[in-house]
$ cat entry34.cif   # mmCIF, C-alpha atoms
data_my_file
loop_
_atom_site.label_atom_id
_atom_site.label_comp_id
_atom_site.auth_asym_id
_atom_site.auth_seq_id
_atom_site.Cartn_x
_atom_site.Cartn_y
_atom_site.Cartn_z
CA MET A 1 0.00 0.00 0.00
CA THR A 2 2.62 2.50 -1.12
CA ASP A 3 -0.07 5.04 -1.95
CA ALA A 4 -1.56 4.61 1.54
CA ARG A 5 1.78 5.30 3.20
CA ALA A 6 2.22 8.37 1.02
CA PHE A 7 -1.29 9.56 1.92
CA ILE A 8 -0.52 9.20 5.64
CA LEU A 9 2.77 11.07 5.39
CA GLU A 10 1.22 13.87 3.32
CA ASN A 11 -1.76 14.42 5.64
CA THR A 12 -0.16 14.09 9.08
CA VAL A 13 2.77 15.51 11.00
CA GLU A 14 5.05 13.88 13.52
CA GLY A 15 3.99 14.68 17.07
CA VAL A 16 3.45 13.25 20.53
CA PRO A 17 0.21 12.59 22.45
CA ALA A 18 -0.40 14.98 25.34
CA LEU A 19 -0.35 12.25 27.99
CA VAL A 20 2.34 10.07 26.40
CA PRO A 21 5.25 12.23 25.22
CA GLU A 22 7.53 9.17 25.08
CA VAL A 23 5.76 7.92 21.93
CA ARG A 24 6.02 9.62 18.56
CA LEU A 25 3.11 9.32 16.13
CA ARG A 26 1.99 10.64 12.78
CA LEU A 27 -1.03 12.75 13.76
CA ALA A 28 -3.50 15.05 12.05
CA SER A 29 -2.51 18.61 12.90
CA GLU A 30 -5.83 20.06 11.77
CA ILE A 31 -9.04 18.08 11.85
CA THR A 32 -10.97 19.29 8.82
CA PRO A 33 -8.27 18.90 6.15
CA ILE A 34 -7.59 15.22 6.81
CA TRP A 35 -11.28 14.35 6.97
CA GLN A 36 -11.80 16.15 3.67
CA ALA A 37 -8.72 14.56 2.14
CA THR A 38 -9.80 11.16 3.36
CA GLU A 39 -13.27 11.50 1.87
CA ASP A 40 -11.73 12.46 -1.47
CA TRP A 41 -8.92 9.89 -1.43
CA LEU A 42 -11.05 7.03 -0.13
CA ALA A 43 -14.05 7.64 -2.36
CA GLU A 44 -12.91 4.88 -4.69
CA ARG A 45 -11.37 2.64 -2.00
CA ASN A 46 -14.22 2.08 0.48
CA ILE A 47 -11.98 2.48 3.55
CA ALA A 48 -13.12 3.75 6.95
CA PRO A 49 -12.69 7.34 8.25
CA PRO A 50 -9.22 8.26 9.61
CA PHE A 51 -9.64 7.37 13.27
CA TRP A 52 -5.99 6.26 13.16
CA ALA A 53 -4.85 9.87 12.74
CA PHE A 54 -5.71 10.88 16.30
CA ALA A 55 -4.45 9.83 19.74
CA TRP A 56 -7.83 9.18 21.32
CA PRO A 57 -8.20 9.55 25.12
CA GLY A 58 -8.69 5.83 25.72
CA SER A 59 -5.50 4.79 23.94
CA GLN A 60 -3.54 7.55 25.68
CA ALA A 61 -4.69 6.33 29.09
CA LEU A 62 -3.78 2.73 28.26
CA ALA A 63 -0.35 3.74 26.98
CA ARG A 64 0.32 5.88 30.03
CA HIS A 65 -0.67 3.06 32.35
CA VAL A 66 1.58 0.43 30.82
CA LEU A 67 4.56 2.77 30.58
CA ASP A 68 4.15 3.67 34.25
CA ASN A 69 3.54 0.04 35.24
CA PRO A 70 5.68 -2.03 32.85
CA GLY A 71 5.48 -5.14 35.00
CA LEU A 72 1.85 -5.55 33.94
CA VAL A 73 2.85 -6.42 30.37
CA ALA A 74 6.56 -7.31 30.54
CA GLY A 75 7.18 -10.67 28.88
CA LYS A 76 3.51 -11.04 27.91
CA ARG A 77 1.68 -11.42 24.61
CA VAL A 78 -0.51 -8.37 24.08
CA LEU A 79 -3.37 -7.55 21.73
CA ASP A 80 -4.26 -3.91 21.06
CA PHE A 81 -7.87 -4.33 19.93
CA ALA A 82 -9.34 -1.61 17.67
CA ALA A 83 -5.84 -0.19 17.70
CA GLY A 84 -6.15 2.84 15.43
CA GLY A 85 -2.61 4.08 14.90
CA GLY A 86 -1.19 1.55 17.35
CA LEU A 87 -0.36 3.81 20.30
CA ALA A 88 -1.18 1.27 23.02
CA ALA A 89 0.60 -1.56 21.19
CA ILE A 90 3.74 0.55 20.76
CA ALA A 91 3.68 1.47 24.46
CA CYS A 92 3.35 -2.19 25.41
CA VAL A 93 6.42 -3.11 23.36
CA MET A 94 8.32 -0.22 24.92
CA ALA A 95 7.26 -1.53 28.34
CA GLY A 96 8.77 -4.94 27.60
CA ALA A 97 5.94 -7.05 26.17
CA ALA A 98 7.09 -10.26 24.50
CA TRP A 99 5.21 -9.01 21.46
CA ALA A 100 2.21 -6.85 20.68
CA GLU A 101 -0.34 -7.40 17.95
CA THR A 102 -2.97 -5.00 16.68
CA ALA A 103 -6.51 -5.86 15.63
CA GLU A 104 -8.03 -3.53 13.04
CA ILE A 105 -10.57 -3.81 10.26
CA ASP A 106 -9.15 -0.69 8.57
CA GLY A 107 -6.20 -1.44 6.32
CA LEU A 108 -5.11 2.20 6.41
CA ALA A 109 -4.82 1.96 10.20
CA ASP A 110 -2.43 -0.97 9.74
CA VAL A 111 -0.23 1.15 7.51
CA ALA A 112 -0.34 4.00 10.03
CA THR A 113 0.64 1.59 12.81
CA ALA A 114 3.60 0.36 10.77
CA VAL A 115 4.71 3.95 10.19
CA ASN A 116 4.31 4.80 13.88
CA ALA A 117 6.15 1.67 15.02
CA GLY A 118 9.02 2.64 12.76
CA LEU A 119 9.15 6.12 14.29
CA ASN A 120 9.66 4.50 17.69
CA GLU A 121 12.02 1.78 16.46
CA VAL A 122 9.81 -1.04 17.69
CA GLU A 123 8.10 -3.95 15.97
CA VAL A 124 4.33 -4.42 16.15
CA ARG A 125 2.49 -7.33 14.56
CA LEU A 126 -0.41 -6.30 12.36
CA GLY A 127 -3.65 -8.25 12.59
CA GLY A 128 -7.10 -7.98 11.11
CA ASP A 129 -10.56 -8.75 12.45
CA VAL A 130 -9.98 -11.12 15.38
CA VAL A 131 -13.50 -11.18 16.82
CA GLY A 132 -14.52 -14.81 17.11
CA GLN A 133 -10.99 -16.18 17.22
CA ALA A 134 -9.57 -18.24 20.10
CA CYS A 135 -7.43 -16.49 22.70
CA ARG A 136 -3.69 -16.43 22.03
CA TRP A 137 -2.85 -13.44 24.21
CA ASP A 138 -2.06 -12.82 27.87
CA VAL A 139 -3.34 -9.24 27.90
CA ILE A 140 -5.90 -7.54 25.65
CA VAL A 141 -6.22 -3.75 25.76
CA THR A 142 -8.85 -1.68 24.01
CA GLY A 143 -9.85 1.95 24.22
CA ASP A 144 -12.95 3.96 23.45
CA VAL A 145 -14.88 1.24 21.64
CA CYS A 146 -18.35 1.64 23.16
CA TYR A 147 -19.41 4.70 21.18
CA GLU A 148 -22.15 2.90 19.22
CA ALA A 149 -24.68 0.32 20.35
CA ALA A 150 -24.01 -1.98 17.41
CA THR A 151 -20.25 -1.91 17.93
CA ALA A 152 -20.52 -2.59 21.64
CA GLY A 153 -23.00 -5.39 21.04
CA HIS A 154 -20.68 -7.01 18.50
CA ILE A 155 -17.45 -6.95 20.49
CA MET A 156 -18.44 -7.28 24.15
CA PRO A 157 -19.51 -10.96 24.10
CA TRP A 158 -16.18 -11.90 22.52
CA LEU A 159 -14.16 -9.75 24.94
CA ARG A 160 -15.95 -11.42 27.87
CA ARG A 161 -15.02 -14.82 26.48
CA MET A 162 -11.43 -13.68 26.14
CA ALA A 163 -11.50 -12.54 29.77
CA GLY A 164 -11.74 -16.19 30.77
CA SER A 165 -8.19 -16.73 29.47
CA ALA A 166 -6.53 -13.29 29.45
CA GLU A 167 -6.51 -9.96 31.24
CA VAL A 168 -8.86 -7.68 29.29
CA TRP A 169 -8.62 -3.95 29.92
CA MET A 170 -10.99 -1.40 28.48
CA ALA A 171 -10.32 2.34 28.64
CA ASP A 172 -13.50 4.38 28.44
CA PRO A 173 -13.90 8.19 28.45
CA GLY A 174 -17.61 8.14 29.25
CA ARG A 175 -19.14 6.75 26.06
CA ALA A 176 -22.83 5.98 26.11
CA TYR A 177 -22.75 2.25 25.47
CA LEU A 178 -20.20 1.10 28.04
CA PRO A 179 -21.67 -1.93 29.87
CA ARG A 180 -22.78 -1.13 33.41
CA GLU A 181 -22.11 -4.58 34.80
CA GLY A 182 -19.16 -6.94 34.65
CA MET A 183 -16.60 -4.13 34.65
CA ALA A 184 -14.10 -3.52 37.48
CA ALA A 185 -12.42 -0.10 37.50
CA PHE A 186 -8.74 -0.09 38.45
CA ALA A 187 -7.23 3.22 37.27
CA GLU A 188 -8.25 6.70 36.14
CA TYR A 189 -6.59 9.40 34.03
CA VAL A 190 -7.48 12.90 32.92
CA VAL A 191 -6.50 13.27 29.27
CA PRO A 192 -6.20 16.66 27.55
CA THR A 193 -8.18 16.78 24.32
CA THR A 194 -9.51 19.30 21.84
CA ARG A 195 -12.97 20.63 21.15
CA GLU A 196 -12.48 19.68 17.52
CA LEU A 197 -12.60 16.02 18.60
CA GLU A 198 -14.56 16.16 21.84
CA ASP A 199 -17.12 18.43 23.51
CA ARG A 200 -14.62 19.48 26.20
CA GLU A 201 -10.93 20.23 26.71
CA GLU A 202 -10.19 17.14 28.78
CA ARG A 203 -11.65 13.69 29.26
CA ARG A 204 -11.76 11.60 32.41
CA VAL A 205 -10.82 8.10 31.28
CA VAL A 206 -11.44 5.09 33.50
CA LEU A 207 -9.58 1.83 32.95
CA TYR A 208 -11.75 -1.23 33.57
CA ARG A 209 -10.98 -4.90 33.81
CA VAL A 210 -13.58 -6.78 31.77
CA LEU A 211 -14.93 -9.70 33.76
CA PRO A 212 -15.83 -13.01 32.10
#
$ encode --input "entry34.cif" --output "structure tokens"
Amino acid sequence: MTDARAFILENTVEGVPALVPEVRLRLASEITPIWQATEDWLAERNIAPPFWAFAWPGSQALARHVLDNPGLVAGKRVLDFAAGGGLAAIACVMAGAAWAETAEIDGLADVATAVNAGLNEVEVRLGGDVVGQACRWDVIVTGDVCYEAATAGHIMPWLRRMAGSAEVWMADPGRAYLPREGMAAFAEYVVPTTRELEDREERRVVLYRVLP
């Protein structure tokens, strides 16, 4: 996907997430241009919107937590589910994970993750749609995935099954469709954001352990 890599480099700039300055990413510097560019560029390619171009609050909180507590992932096999640009996966590798794999249904996000991993001189395995697969991980992390009822309804049963074999952590910044039961909070972060992405200048993100 040479053209995809070129598109990413042309429409993002190198930067660091507010809460995780240790990790460098290719990020959208202005919201409207990349969304417009994506609509134009992807019109013939049927690829999802550029969620990978932003360091969302959930992924920032997950990355911050593992970098501050590396023993939680050191030597373990990690899945960054709905990884976007791979921030949490990169942080897990930096914290000493045996390996980290991403799960994404957006091929452009995979290319962005590869670019971002290269910026940080780490290796991240790229995966596709893993929902329904058997567990091959020790830790599964996911951020900000309960923003639509259909999405939450599709992924939560599988994540609960995975929680029978692995640690499953979900970072949520107050989205409407987060399950109210079977979730055990264990950490909290305040993540600076922008009103172009959110309806406020910071988000309170709670990290939950998903219970089987």
$ atom_distance --input "entry34.cif" --atom1 "CA of Val168 (chain A)" --atom2 "CA of Gly132 (chain A)"
15.2 Å
$ resolve_selection --input "entry34.cif" --expression "the PyMOL selection byres ((chain A and resi 126-128) around 10)" --output "NGL selection string"
:A and (79-83 or 86 or 100-107 or 109-111 or 113-114 or 123-125 or 129-131)
$ resolve_selection --input "entry34.cif" --expression "the PyMOL selection byres ((chain A and resi 170-176) around 10)" --output "PyMOL selection string"
chain A and resi 56-62+81+140-149+152+159+168-169+177-179+183-185+187-191+202-210
$ atom_distance --input "entry34.cif" --atom1 "CA of Glu201 (chain A)" --atom2 "CA of Ala18 (chain A)"
11.8 Å
$ closest_residue --input "entry34.cif" --among "A:Val73, A:Leu67, A:Ile34, A:Leu9" --to "Phe54 (chain A)" --atoms "all atoms listed in the file"
A:Ile34
$ atom_distance --input "entry34.cif" --atom1 "CA of Val78 (chain A)" --atom2 "CA of Cys135 (chain A)"
10.8 Å
$ closest_residue --input "entry34.cif" --among "A:Gln133, A:Asn69, A:Ser165, A:Asn116" --to "Leu27 (chain A)" --atoms "all atoms listed in the file"
A:Asn116
$ closest_residue --input "entry34.cif" --among "A:Ala53, A:Ala117, A:Val20, A:Ala91" --to "Pro70 (chain A)" --atoms "all atoms listed in the file"
A:Ala91
$ closest_residue --input "entry34.cif" --among "A:Lys76, A:Val93, A:Ile155, A:Glu181" --to "Asp138 (chain A)" --atoms "all atoms listed in the file"
A:Lys76
$ closest_residue --input "entry34.cif" --among "A:Met156, A:Arg26, A:Arg200, A:Thr193" --to "Arg180 (chain A)" --atoms "only C-alpha atoms"
A:Met156
$ resolve_selection --input "entry34.cif" --expression "the PyMOL selection byres ((chain A and resi 21) around 12)" --output "ChimeraX atom specification"
/A:14-20,22-25,55,60,63-64,67,87,91,120
$ decode --input "entry34.cif" --residues "region 149-170 of chain A" --atoms "N, CA and C atoms" --output "PDB file, in the first residue's frame"
ATOM      1  N   ALA A 149     -24.041   1.510  19.801  1.00  0.00           N
ATOM      2  CA  ALA A 149     -24.675   0.316  20.354  1.00  0.00           C
ATOM      3  C   ALA A 149     -24.297  -0.926  19.556  1.00  0.00           C
ATOM      4  N   ALA A 150     -24.301  -0.815  18.242  1.00  0.00           N
ATOM      5  CA  ALA A 150     -24.008  -1.982  17.405  1.00  0.00           C
ATOM      6  C   ALA A 150     -22.583  -2.470  17.617  1.00  0.00           C
ATOM      7  N   THR A 151     -21.646  -1.531  17.723  1.00  0.00           N
ATOM      8  CA  THR A 151     -20.250  -1.905  17.933  1.00  0.00           C
ATOM      9  C   THR A 151     -20.071  -2.596  19.266  1.00  0.00           C
ATOM     10  N   ALA A 152     -20.628  -1.995  20.316  1.00  0.00           N
ATOM     11  CA  ALA A 152     -20.516  -2.591  21.645  1.00  0.00           C
ATOM     12  C   ALA A 152     -21.161  -3.974  21.684  1.00  0.00           C
ATOM     13  N   GLY A 153     -22.314  -4.099  21.058  1.00  0.00           N
ATOM     14  CA  GLY A 153     -22.999  -5.390  21.044  1.00  0.00           C
ATOM     15  C   GLY A 153     -22.243  -6.461  20.282  1.00  0.00           C
ATOM     16  N   HIS A 154     -21.449  -6.052  19.304  1.00  0.00           N
ATOM     17  CA  HIS A 154     -20.680  -7.010  18.503  1.00  0.00           C
ATOM     18  C   HIS A 154     -19.438  -7.492  19.242  1.00  0.00           C
ATOM     19  N   ILE A 155     -18.745  -6.582  19.920  1.00  0.00           N
ATOM     20  CA  ILE A 155     -17.450  -6.947  20.488  1.00  0.00           C
ATOM     21  C   ILE A 155     -17.495  -7.431  21.933  1.00  0.00           C
ATOM     22  N   MET A 156     -18.472  -6.968  22.722  1.00  0.00           N
ATOM     23  CA  MET A 156     -18.439  -7.278  24.151  1.00  0.00           C
ATOM     24  C   MET A 156     -18.578  -8.767  24.468  1.00  0.00           C
ATOM     25  N   PRO A 157     -19.446  -9.518  23.796  1.00  0.00           N
ATOM     26  CA  PRO A 157     -19.511 -10.958  24.103  1.00  0.00           C
ATOM     27  C   PRO A 157     -18.176 -11.654  23.871  1.00  0.00           C
ATOM     28  N   TRP A 158     -17.484 -11.283  22.793  1.00  0.00           N
ATOM     29  CA  TRP A 158     -16.179 -11.900  22.516  1.00  0.00           C
ATOM     30  C   TRP A 158     -15.149 -11.494  23.560  1.00  0.00           C
ATOM     31  N   LEU A 159     -15.115 -10.205  23.924  1.00  0.00           N
ATOM     32  CA  LEU A 159     -14.164  -9.753  24.942  1.00  0.00           C
ATOM     33  C   LEU A 159     -14.410 -10.453  26.274  1.00  0.00           C
ATOM     34  N   ARG A 160     -15.662 -10.700  26.606  1.00  0.00           N
ATOM     35  CA  ARG A 160     -15.947 -11.415  27.866  1.00  0.00           C
ATOM     36  C   ARG A 160     -15.454 -12.853  27.791  1.00  0.00           C
ATOM     37  N   ARG A 161     -15.576 -13.467  26.632  1.00  0.00           N
ATOM     38  CA  ARG A 161     -15.024 -14.820  26.484  1.00  0.00           C
ATOM     39  C   ARG A 161     -13.504 -14.804  26.624  1.00  0.00           C
ATOM     40  N   MET A 162     -12.877 -13.801  26.035  1.00  0.00           N
ATOM     41  CA  MET A 162     -11.431 -13.679  26.145  1.00  0.00           C
ATOM     42  C   MET A 162     -10.999 -13.475  27.590  1.00  0.00           C
ATOM     43  N   ALA A 163     -11.836 -12.810  28.376  1.00  0.00           N
ATOM     44  CA  ALA A 163     -11.496 -12.537  29.775  1.00  0.00           C
ATOM     45  C   ALA A 163     -11.415 -13.809  30.614  1.00  0.00           C
ATOM     46  N   GLY A 164     -11.896 -14.919  30.083  1.00  0.00           N
ATOM     47  CA  GLY A 164     -11.736 -16.187  30.774  1.00  0.00           C
ATOM     48  C   GLY A 164     -10.335 -16.739  30.663  1.00  0.00           C
ATOM     49  N   SER A 165      -9.547 -16.229  29.712  1.00  0.00           N
ATOM     50  CA  SER A 165      -8.187 -16.734  29.475  1.00  0.00           C
ATOM     51  C   SER A 165      -7.117 -15.659  29.571  1.00  0.00           C
ATOM     52  N   ALA A 166      -7.498 -14.392  29.479  1.00  0.00           N
ATOM     53  CA  ALA A 166      -6.526 -13.291  29.453  1.00  0.00           C
ATOM     54  C   ALA A 166      -7.048 -12.135  30.294  1.00  0.00           C
ATOM     55  N   GLU A 167      -6.115 -11.243  30.661  1.00  0.00           N
ATOM     56  CA  GLU A 167      -6.509  -9.960  31.242  1.00  0.00           C
ATOM     57  C   GLU A 167      -7.085  -9.112  30.111  1.00  0.00           C
ATOM     58  N   VAL A 168      -8.261  -8.555  30.302  1.00  0.00           N
ATOM     59  CA  VAL A 168      -8.860  -7.684  29.286  1.00  0.00           C
ATOM     60  C   VAL A 168      -9.120  -6.328  29.926  1.00  0.00           C
ATOM     61  N   TRP A 169      -8.471  -5.305  29.403  1.00  0.00           N
ATOM     62  CA  TRP A 169      -8.620  -3.947  29.924  1.00  0.00           C
ATOM     63  C   TRP A 169      -9.319  -3.081  28.894  1.00  0.00           C
ATOM     64  N   MET A 170     -10.276  -2.325  29.355  1.00  0.00           N
ATOM     65  CA  MET A 170     -10.990  -1.399  28.483  1.00  0.00           C
ATOM     66  C   MET A 170     -10.877   0.006  29.067  1.00  0.00           C
TER      67      MET A 170
END
